[in-house]
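Participant: protein01.cif is reproduced below (mmCIF, C-alpha atoms and all ligand atoms).
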```
data_upload
loop_
_atom_site.label_atom_id
_atom_site.label_comp_id
_atom_site.auth_asym_id
_atom_site.auth_seq_id
_atom_site.Cartn_x
_atom_site.Cartn_y
_atom_site.Cartn_z
CA MET A 223 30.32 145.14 148.73
CA THR A 224 31.74 142.01 150.15
CA LEU A 225 34.12 139.41 148.90
CA ARG A 226 31.11 137.25 148.10
CA ASP A 227 29.90 139.89 145.61
CA ILE A 228 33.05 139.82 143.51
CA GLY A 229 33.83 136.11 143.83
CA GLU A 230 37.16 134.38 143.75
CA PHE A 231 37.98 135.47 140.20
CA GLY A 232 37.14 139.07 141.13
CA LEU A 233 39.53 138.90 144.07
CA ILE A 234 42.31 137.54 141.87
CA GLU A 235 41.68 140.34 139.35
CA ARG A 236 41.94 142.91 142.17
CA ILE A 237 45.24 141.45 143.37
CA HIS A 238 46.47 141.28 139.80
CA ALA A 239 45.52 144.92 139.21
CA ARG A 240 47.51 146.03 142.28
CA PHE A 241 50.58 143.79 142.10
CA GLY A 242 50.65 142.37 138.60
CA GLY A 243 52.96 145.01 137.17
CA ASN A 244 54.37 142.64 134.61
CA PRO A 245 51.71 141.61 132.14
CA PRO A 246 51.80 137.93 131.30
CA ALA A 247 54.28 137.35 128.47
CA GLU A 248 52.58 136.70 125.14
CA PRO A 249 53.97 133.77 123.20
CA ALA A 250 55.53 134.33 119.81
CA ALA A 251 53.42 133.50 116.79
CA GLU A 252 54.15 130.01 115.56
CA PRO A 253 55.35 129.44 111.99
CA ALA A 254 52.26 128.46 110.01
CA ALA A 255 53.51 125.21 108.47
CA ALA A 256 55.62 123.67 111.18
CA PRO A 257 56.90 120.33 109.89
CA ALA A 258 57.31 118.57 113.22
CA ALA A 259 54.95 118.58 116.14
CA GLN A 260 57.57 117.89 118.74
CA THR A 261 60.62 120.09 118.80
CA PRO A 262 62.44 119.86 122.10
CA SER A 263 65.19 122.23 121.07
CA SER A 264 63.63 125.03 119.04
CA LYS A 265 62.80 128.27 120.79
CA VAL A 266 59.12 128.97 120.36
CA HIS A 267 58.24 131.20 123.27
CA PRO A 268 60.32 134.30 123.84
CA ALA A 269 62.06 134.78 127.14
CA PRO A 270 59.61 136.35 129.57
CA SER A 271 60.04 140.08 129.37
CA SER A 272 61.79 140.86 132.68
CA SER A 273 63.57 139.15 135.55
CA ALA A 274 60.23 138.93 137.34
CA ALA A 275 59.02 137.20 134.18
CA LEU A 276 55.40 136.14 134.61
CA GLY A 277 53.55 136.83 137.83
CA ILE A 278 49.92 136.42 138.79
CA GLY A 279 47.56 134.99 136.21
CA ASP A 280 48.80 131.55 135.26
CA ASP A 281 49.15 128.18 136.97
CA CYS A 282 52.66 129.06 138.17
CA ALA A 283 54.79 132.17 138.38
CA VAL A 284 57.74 132.03 136.00
CA ILE A 285 61.12 133.37 137.11
CA GLU A 286 63.86 134.20 134.63
CA ARG A 287 67.14 132.30 135.08
CA PRO A 288 70.35 132.36 133.09
CA GLY A 289 70.52 129.47 130.66
CA ASP A 290 67.83 127.36 129.14
CA LEU A 291 65.66 126.66 132.19
CA LEU A 292 63.00 128.92 133.63
CA GLU A 293 61.99 128.50 137.26
CA LEU A 294 58.36 127.77 138.16
CA VAL A 295 56.77 128.54 141.53
CA THR A 296 53.27 127.71 142.71
CA THR A 297 51.57 127.72 146.08
CA ASP A 298 48.17 126.63 147.30
CA LEU A 299 46.24 126.81 150.54
CA LEU A 300 43.91 124.09 151.80
CA ILE A 301 41.69 124.85 154.76
CA GLU A 302 39.64 122.35 156.70
CA ASP A 303 35.88 122.65 156.07
CA SER A 304 36.46 124.81 152.98
CA HIS A 305 38.57 122.37 150.95
CA PHE A 306 38.23 119.13 152.85
CA LEU A 307 36.29 117.59 155.71
CA ARG A 308 38.50 115.95 158.33
CA ASP A 309 36.09 113.04 158.72
CA ALA A 310 35.52 112.51 154.98
CA ILE A 311 39.10 112.01 153.81
CA ASP A 312 41.69 109.87 155.47
CA PRO A 313 44.84 111.78 156.35
CA ARG A 314 47.06 109.72 154.06
CA GLN A 315 44.85 110.58 151.09
CA LEU A 316 44.74 114.20 152.20
CA GLY A 317 48.55 114.29 152.18
CA ARG A 318 48.65 112.80 148.70
CA LYS A 319 45.93 115.08 147.35
CA SER A 320 47.14 118.35 148.82
CA LEU A 321 50.52 117.78 147.19
CA ALA A 322 49.02 116.47 143.92
CA VAL A 323 46.97 119.62 143.30
CA ASN A 324 50.13 121.72 143.49
CA LEU A 325 52.20 119.41 141.32
CA SER A 326 49.41 119.61 138.75
CA ASP A 327 50.02 123.35 138.34
CA VAL A 328 53.64 122.69 137.37
CA ALA A 329 52.48 120.08 134.84
CA ALA A 330 50.12 122.70 133.38
CA MET A 331 53.10 124.90 132.47
CA GLY A 332 54.88 122.05 130.65
CA GLY A 333 57.39 121.80 133.50
CA ARG A 334 58.79 119.36 136.03
CA PRO A 335 58.42 119.82 139.81
CA ARG A 336 61.71 119.68 141.75
CA ALA A 337 61.20 120.77 145.37
CA ALA A 338 58.34 121.19 147.83
CA PHE A 339 57.86 123.30 150.96
CA LEU A 340 55.09 122.42 153.40
CA SER A 341 53.56 124.73 155.99
CA LEU A 342 51.04 123.28 158.42
CA ALA A 343 48.80 124.81 161.04
CA LEU A 344 47.39 122.10 163.29
CA PRO A 345 45.15 122.20 166.36
CA GLY A 346 46.80 120.97 169.55
CA GLU A 347 44.32 118.17 170.11
CA ILE A 348 44.97 116.41 166.79
CA GLU A 349 46.04 112.78 167.11
CA LEU A 350 49.62 112.02 166.23
CA ASP A 351 48.37 109.07 164.20
CA TRP A 352 46.58 111.58 161.97
CA VAL A 353 49.77 113.60 161.53
CA ASP A 354 51.85 110.51 160.78
CA ALA A 355 49.37 109.24 158.19
CA PHE A 356 49.19 112.67 156.54
CA LEU A 357 52.99 112.83 156.30
CA GLU A 358 53.08 109.28 154.94
CA GLY A 359 50.74 110.35 152.13
CA VAL A 360 52.91 113.36 151.39
CA ASP A 361 55.99 111.14 151.35
CA GLU A 362 54.38 108.67 148.94
CA ARG A 363 53.40 111.37 146.49
CA LEU A 364 56.82 113.02 146.74
CA SER A 365 58.55 109.72 145.92
CA GLU A 366 56.20 108.97 143.02
CA SER A 367 56.91 112.42 141.58
CA GLY A 368 60.66 112.59 142.18
CA VAL A 369 60.24 115.70 144.31
CA GLU A 370 62.09 116.54 147.54
CA LEU A 371 60.64 118.28 150.56
CA LEU A 372 63.12 121.01 151.43
CA GLY A 373 61.44 123.01 154.16
CA GLY A 374 58.35 124.75 155.46
CA ASP A 375 56.82 125.88 158.71
CA THR A 376 54.50 124.58 161.38
CA THR A 377 52.29 126.40 163.82
CA ARG A 378 49.45 125.69 166.20
CA SER A 379 45.96 126.66 165.09
CA LYS A 380 42.94 127.32 167.29
CA GLY A 381 40.79 124.73 165.59
CA LEU A 382 41.12 124.18 161.87
CA ILE A 383 43.80 122.33 159.94
CA VAL A 384 45.52 124.55 157.35
CA ILE A 385 47.88 123.07 154.75
CA GLN A 386 50.01 125.10 152.40
CA PHE A 387 52.35 123.70 149.81
CA THR A 388 54.81 125.69 147.73
CA ILE A 389 56.37 123.88 144.78
CA LEU A 390 59.44 124.87 142.80
CA GLY A 391 59.92 123.44 139.37
CA ASP A 392 61.55 124.22 136.08
CA VAL A 393 60.75 124.18 132.41
CA GLU A 394 62.83 124.49 129.30
CA ARG A 395 62.33 127.93 127.83
CA SER A 396 60.90 126.51 124.61
CA HIS A 397 58.51 124.19 126.50
CA LEU A 398 56.74 126.83 128.59
CA LYS A 399 52.95 126.75 128.09
CA LEU A 400 50.81 129.71 129.05
CA ARG A 401 47.07 130.26 129.33
CA SER A 402 47.46 133.19 126.97
CA ALA A 403 48.67 131.22 123.94
CA ALA A 404 45.46 129.78 122.46
CA GLN A 405 44.82 130.68 118.83
CA PRO A 406 41.56 130.68 116.86
CA GLY A 407 41.06 127.32 115.16
CA ASP A 408 43.01 125.37 117.82
CA ILE A 409 41.57 122.04 118.88
CA ILE A 410 40.71 121.98 122.58
CA CYS A 411 41.91 118.75 124.22
CA VAL A 412 41.84 117.04 127.60
CA THR A 413 44.23 114.36 128.84
CA ASP A 414 41.79 112.11 130.69
CA SER A 415 38.13 111.38 131.24
CA ILE A 416 36.52 114.25 133.11
CA GLY A 417 33.72 114.44 135.64
CA ASP A 418 34.82 111.42 137.68
CA SER A 419 35.96 113.55 140.59
CA GLY A 420 32.71 115.54 140.53
CA GLY A 421 30.80 112.26 140.45
CA GLY A 422 32.84 110.97 143.37
CA LEU A 423 32.06 114.10 145.37
CA GLN A 424 28.36 113.76 144.50
CA ALA A 425 28.46 110.15 145.67
CA LEU A 426 30.02 111.18 148.98
CA LEU A 427 27.52 114.00 149.49
CA ASP A 428 24.53 111.79 148.63
CA GLY A 429 25.85 108.81 150.60
CA VAL A 430 25.10 106.44 147.73
CA GLU A 431 25.77 102.72 147.94
CA ARG A 432 29.48 101.97 147.37
CA THR A 433 29.49 99.83 144.24
CA PRO A 434 32.86 99.24 142.49
CA ALA A 435 32.04 102.04 140.02
CA VAL A 436 31.23 104.43 142.87
CA GLU A 437 34.45 103.43 144.65
CA GLN A 438 36.41 104.30 141.51
CA LEU A 439 34.80 107.76 141.27
CA VAL A 440 35.40 108.42 144.96
CA ARG A 441 39.03 107.36 144.57
CA LYS A 442 39.45 109.78 141.67
CA HIS A 443 38.03 112.53 143.88
CA LEU A 444 40.08 111.74 146.97
CA ASP A 445 43.33 110.71 145.30
CA PRO A 446 43.73 112.57 141.99
CA ARG A 447 46.83 111.90 139.91
CA PRO A 448 48.79 114.94 138.74
CA HIS A 449 49.46 114.59 134.99
CA LEU A 450 53.20 115.19 135.25
CA ALA A 451 54.37 112.98 132.40
CA GLU A 452 51.57 114.29 130.19
CA GLY A 453 52.41 117.92 131.02
CA ALA A 454 56.10 117.48 130.30
CA TRP A 455 55.36 115.65 127.05
CA LEU A 456 52.85 118.23 125.85
CA GLY A 457 55.30 120.94 126.89
CA SER A 458 57.76 119.54 124.37
CA CYS A 459 55.22 119.86 121.54
CA ARG A 460 55.42 123.04 119.55
CA GLY A 461 51.87 122.50 118.28
CA VAL A 462 50.49 122.66 121.83
CA HIS A 463 49.67 126.30 122.48
CA ALA A 464 47.79 127.08 125.70
CA MET A 465 47.60 124.75 128.71
CA ILE A 466 45.94 124.73 132.14
CA ASP A 467 45.05 122.03 134.65
CA LEU A 468 41.41 121.23 135.33
CA SER A 469 41.10 122.23 138.97
CA ASP A 470 37.75 124.03 139.05
CA GLY A 471 36.10 122.26 136.10
CA LEU A 472 36.05 122.63 132.34
CA GLU A 473 33.48 125.44 132.50
CA SER A 474 35.69 127.58 134.74
CA ASP A 475 39.07 126.61 133.38
CA ILE A 476 38.29 127.12 129.69
CA ARG A 477 37.18 130.65 130.64
CA ARG A 478 40.64 131.32 132.05
CA ILE A 479 42.17 130.42 128.70
CA MET A 480 39.52 132.52 126.88
CA GLU A 481 40.24 135.53 129.08
CA ARG A 482 44.02 135.33 128.78
CA SER A 483 44.03 134.44 125.08
CA HIS A 484 41.22 136.85 124.10
CA CYS A 485 39.28 134.17 122.27
CA GLY A 486 36.05 132.22 122.40
CA ALA A 487 35.52 128.48 122.76
CA GLU A 488 33.07 125.87 121.52
CA ILE A 489 32.78 122.58 123.39
CA GLU A 490 31.12 119.59 121.71
CA VAL A 491 29.53 117.89 124.67
CA SER A 492 29.11 114.54 122.90
CA GLN A 493 32.92 114.38 122.55
CA LEU A 494 33.64 114.80 126.27
CA PRO A 495 35.44 111.68 127.50
CA ILE A 496 33.19 110.22 130.17
CA SER A 497 34.33 107.07 131.95
CA SER A 498 32.20 103.94 131.96
CA GLU A 499 32.06 104.26 135.76
CA LEU A 500 30.61 107.77 135.59
CA GLN A 501 28.12 106.68 132.93
CA GLU A 502 27.05 103.72 135.04
CA VAL A 503 26.67 105.64 138.30
CA SER A 504 25.00 108.61 136.58
CA ALA A 505 22.43 106.35 134.95
CA GLU A 506 21.76 104.66 138.26
CA HIS A 507 21.24 107.90 140.19
CA ARG A 508 19.83 110.07 137.37
CA TRP A 509 22.78 112.43 137.36
CA SER A 510 23.78 114.20 134.16
CA ALA A 511 27.23 112.80 133.39
CA TRP A 512 28.06 115.58 130.95
CA GLU A 513 27.04 118.29 133.37
CA LEU A 514 29.40 116.71 135.89
CA ALA A 515 32.07 116.62 133.18
CA VAL A 516 31.53 120.32 132.43
CA GLY A 517 30.91 121.67 135.92
CA GLY A 518 32.55 119.23 138.31
CA GLY A 519 36.02 120.23 139.46
CA GLU A 520 39.16 118.56 140.74
CA ASP A 521 39.83 116.16 137.88
CA TYR A 522 43.39 117.51 137.51
CA ALA A 523 43.58 116.36 133.92
CA LEU A 524 45.22 118.91 131.62
CA LEU A 525 43.29 121.09 129.19
CA CYS A 526 45.26 122.33 126.20
CA SER A 527 44.77 123.93 122.81
CA VAL A 528 46.51 122.32 119.85
CA ALA A 529 47.22 123.64 116.35
CA PRO A 530 44.65 121.95 114.08
CA ASP A 531 47.17 120.92 111.43
CA LEU A 532 49.34 119.21 114.05
CA TYR A 533 46.62 117.60 116.13
CA GLN A 534 46.70 114.18 114.43
CA GLU A 535 50.46 113.92 114.69
CA ILE A 536 50.48 115.02 118.31
CA ALA A 537 47.58 112.72 119.28
CA GLU A 538 49.40 109.76 117.69
CA GLY A 539 52.65 110.62 119.40
CA TYR A 540 50.80 111.01 122.67
CA ARG A 541 49.17 107.58 122.29
CA HIS A 542 52.52 106.06 121.44
CA GLY A 543 54.55 107.84 124.12
CA LEU A 544 52.10 107.87 127.00
CA GLY A 545 49.64 105.10 126.18
CA GLY A 546 46.62 107.35 126.55
CA GLU A 547 44.26 109.43 124.45
CA LEU A 548 44.49 113.14 123.85
CA HIS A 549 40.75 113.74 123.61
CA ALA A 550 39.56 116.50 121.27
CA VAL A 551 36.53 118.16 122.87
CA GLY A 552 36.09 121.46 121.04
CA ARG A 553 37.78 124.35 119.30
CA VAL A 554 39.02 127.84 119.97
CA THR A 555 37.09 130.56 118.14
CA ALA A 556 37.99 134.13 117.15
CA ASP A 557 34.54 135.41 118.09
CA GLY A 558 32.90 134.95 121.47
CA VAL A 559 35.57 137.02 123.27
CA GLY A 560 34.15 138.00 126.64
CA ASN A 561 31.17 135.68 126.21
CA ASP A 562 30.39 132.35 127.80
CA PRO A 563 31.89 129.25 126.21
CA VAL A 564 29.44 127.74 123.72
CA TYR A 565 28.28 124.18 124.35
CA LEU A 566 26.99 122.07 121.49
CA TYR A 567 25.38 118.65 121.68
CA GLU A 568 25.62 117.06 118.25
CA GLY A 569 25.59 120.52 116.77
CA ARG A 570 22.69 121.85 118.85
CA ARG A 571 23.35 124.52 121.46
CA VAL A 572 22.93 123.47 125.08
CA ASP A 573 23.52 125.20 128.42
CA PRO A 574 25.20 123.53 131.33
CA THR A 575 23.38 124.05 134.60
CA ARG A 576 26.31 123.37 136.88
CA ARG A 577 29.05 125.91 137.31
CA GLY A 578 32.64 125.42 138.33
CA PHE A 579 33.23 125.77 142.01
CA ASP A 580 33.87 129.37 143.03
CA HIS A 581 35.07 129.55 146.59
CA PHE A 582 33.42 132.82 147.59
CA ARG A 583 30.23 132.63 145.57
CA SER A 584 29.14 129.13 146.29
CA GLU A 585 28.63 129.46 150.02
MG MG A 601 45.90 125.35 138.01
#
```
Please go through the file and, once you have read it, give me the structure as structure tokens.

Facilitator:
Amino acid sequence: MTLRDIGEFGLIERIHARFGGNPPAEPAAEPAAAPAAQTPSSKVHPAPSSSAALGIGDDCAVIERPGDLLELVTTDLLIEDSHFLRDAIDPRQLGRKSLAVNLSDVAAMGGRPRAAFLSLALPGEIELDWVDAFLEGVDERLSESGVELLGGDTTRSKGLIVIQFTILGDVERSHLKLRSAAQPGDIICVTDSIGDSGGGLQALLDGVERTPAVEQLVRKHLDPRPHLAEGAWLGSCRGVHAMIDLSDGLESDIRRIMERSHCGAEIEVSQLPISSELQEVSAEHRWSAWELAVGGGEDYALLCSVAPDLYQEIAEGYRHGLGGELHAVGRVTADGVGNDPVYLYEGRRVDPTRRGFDHFRSE
């Protein structure tokens, strides 16, 4: 058996089985008739159960600290030719994106990023202009996010560029959002249109003509925005239960919530927020926009589950506070545990043909 046979999720399960001695902390049950959706001060989640708190199995590790703040840590590895093509992304965008994808994991926990560490392996022949532009992109994204670079490591590689970020952040104890907290009946929501990044990737792969709509999709693919303000805001909402960022696509990421929360999920495909650009380009090139929205990865919007009785209040507050829509796209179900998510199109069952990107299986 090879790594390809078990896939990326299988590898993570294996590592979890060996090292994940502390099971992910389960959130406390929420009072049934909570009067207010947003309660910055009340303690909803219990303190994680040990000093090691929460290890493998969520967007960040959570480390217990004295006082009201929990520490968040996340790290990610980007390898040339697996995660990016040197000739297809300009180094400034690569710097911005490689940091953004890590910041997004802190947002997914309801937290705020504070500090970054960058380790780089670079081939000796790389142009200094490339390095300077990459660092400029990193610097831009750091400034935009209020995060400081505090250290890291550099080494020479034999050929490929390897980028690793580690991010430290924090979250108020009562704001911590876990993948394991979804409850049957919850409304499943996303914080942005989805599928644009997948459409942008498709456009790059197909070499389609660069219309303004195509440019917008490509920009969303190459320069995704981490939803930091959205994550912190949703973190402060008691009615928001589970949260994750959309890195591998709705199809893959909803499964992670289903697995950790022991629930099923129904997605109403006609409710998926699809941008006018994706609709336009999909119609032009006969792509299925909703399949891109389901299976395309790297949107880095947030996916969360919201108590049904608080959804209206939270969606209004979200619109007011952040100027955007909290799109309802489905619901959490008690049945369907261990099954595939169910996709409905205007009530009729449909099956997506695209799957979220799995790094070992999709070679
Ligand atoms: Mg994530």

Participant: Distance limit 8 Å, reference ligand MG 601 (chain A), atoms considered: all atoms listed in the file. Which residues make the cut? Give them as a list in words.

Facilitator: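 Taking all atoms listed in the file into account, the residues around ligand MG 601 (chain A) at most 8 Å away are Asp280, Asp281, Cys282, Val323, Asn324, Ser326, Asp327, Ala330, Ile466, Asp467, Leu468 and Ser469 of chain A.
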
Participant: Name all residues at most 12 Å from Trp455 (chain A) (count all atoms listed in the file; drop same-chain ones fewer than 3 positions away) and give them as a ChimeraX atom specification.

Facilitator: /A:259-262,329-334,393-394,397-399,413,449-452,458-462,524,536-537,539-544,548

Participant: Those selected residues, please, written with C-alpha atoms and delivered as a tab-separated table (two decimals), in the coordinates of the input.

Facilitator:
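Saved file again_21.tsv follows:
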```tsv
chain	number	residue	atom	x	y	z
A	259	ALA	CA	54.95	118.58	116.14
A	260	GLN	CA	57.57	117.89	118.74
A	261	THR	CA	60.62	120.09	118.80
A	262	PRO	CA	62.44	119.86	122.10
A	329	ALA	CA	52.48	120.08	134.84
A	330	ALA	CA	50.12	122.70	133.38
A	331	MET	CA	53.10	124.90	132.47
A	332	GLY	CA	54.88	122.05	130.65
A	333	GLY	CA	57.39	121.80	133.50
A	334	ARG	CA	58.79	119.36	136.03
A	393	VAL	CA	60.75	124.18	132.41
A	394	GLU	CA	62.83	124.49	129.30
A	397	HIS	CA	58.51	124.19	126.50
A	398	LEU	CA	56.74	126.83	128.59
A	399	LYS	CA	52.95	126.75	128.09
A	413	THR	CA	44.23	114.36	128.84
A	449	HIS	CA	49.46	114.59	134.99
A	450	LEU	CA	53.20	115.19	135.25
A	451	ALA	CA	54.37	112.98	132.40
A	452	GLU	CA	51.57	114.29	130.19
A	458	SER	CA	57.76	119.54	124.37
A	459	CYS	CA	55.22	119.86	121.54
A	460	ARG	CA	55.42	123.04	119.55
A	461	GLY	CA	51.87	122.50	118.28
A	462	VAL	CA	50.49	122.66	121.83
A	524	LEU	CA	45.22	118.91	131.62
A	536	ILE	CA	50.48	115.02	118.31
A	537	ALA	CA	47.58	112.72	119.28
A	539	GLY	CA	52.65	110.62	119.40
A	540	TYR	CA	50.80	111.01	122.67
A	541	ARG	CA	49.17	107.58	122.29
A	542	HIS	CA	52.52	106.06	121.44
A	543	GLY	CA	54.55	107.84	124.12
A	544	LEU	CA	52.10	107.87	127.00
A	548	LEU	CA	44.49	113.14	123.85
```

Participant: Tell me, as an mmCIF file with C-alpha atoms, keeping the file's coordinate frame, which residues lie within 10 Å of Ala310 (chain A), counting all atoms listed in the file; anything in the same chain fewer than 5 positions away does not count.

Facilitator:
```
data_model
loop_
_atom_site.group_PDB
_atom_site.id
_atom_site.type_symbol
_atom_site.label_atom_id
_atom_site.label_comp_id
_atom_site.auth_asym_id
_atom_site.auth_seq_id
_atom_site.Cartn_x
_atom_site.Cartn_y
_atom_site.Cartn_z
ATOM 1 C CA LEU A 316 44.740 114.200 152.200
ATOM 2 C CA LEU A 426 30.020 111.180 148.980
ATOM 3 C CA LEU A 427 27.520 114.000 149.490
ATOM 4 C CA LEU A 444 40.080 111.740 146.970
#
```

Participant: Can you work out which one of A:Glu349, A:Ser341, A:Arg401, A:Arg447 has the shortest atom-to-atom distance to Gly374 (chain A), counting all atoms listed in the file?

Facilitator: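 Looking only at the distances to Gly374 (chain A), the closest residue turns out to be A:Ser341.
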
Participant: Between CA of Glu431 (chain A) and CA of Ser492 (chain A), what distance in Å does the model show, to one decimal?

Facilitator: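 Distance reported for this atom pair: 27.9 Å.
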
Participant: For the atom pair CA of Leu566 (chain A) and CA of Arg478 (chain A), what is the interatomic distance in Å to one decimal place?

Facilitator: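 So the two atoms, CA of Leu566 (chain A) and CA of Arg478 (chain A), lie 19.6 Å apart.
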
Participant: For each of A:Ala464, A:Glu286, A:Ala338, A:Leu325, take the minimum atom-to-atom distance to Ser402 (chain A), counting all atoms listed in the file, then give the residue where this is smallest.

Facilitator: A:Ala464

Participant: Which is closest to Asp351 (chain A) among A:Val284, A:His484, A:Pro313, A:Ser474, if we use all atoms listed in the file?

Facilitator: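 Result for the nearest residue to Asp351 (chain A): A:Pro313.
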
Participant: How many Å lie between CA of Ile385 (chain A) and CA of Trp352 (chain A), rounded to one decimal?

Facilitator: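 Taking CA of Ile385 (chain A) and CA of Trp352 (chain A), their separation equals 13.6 Å.
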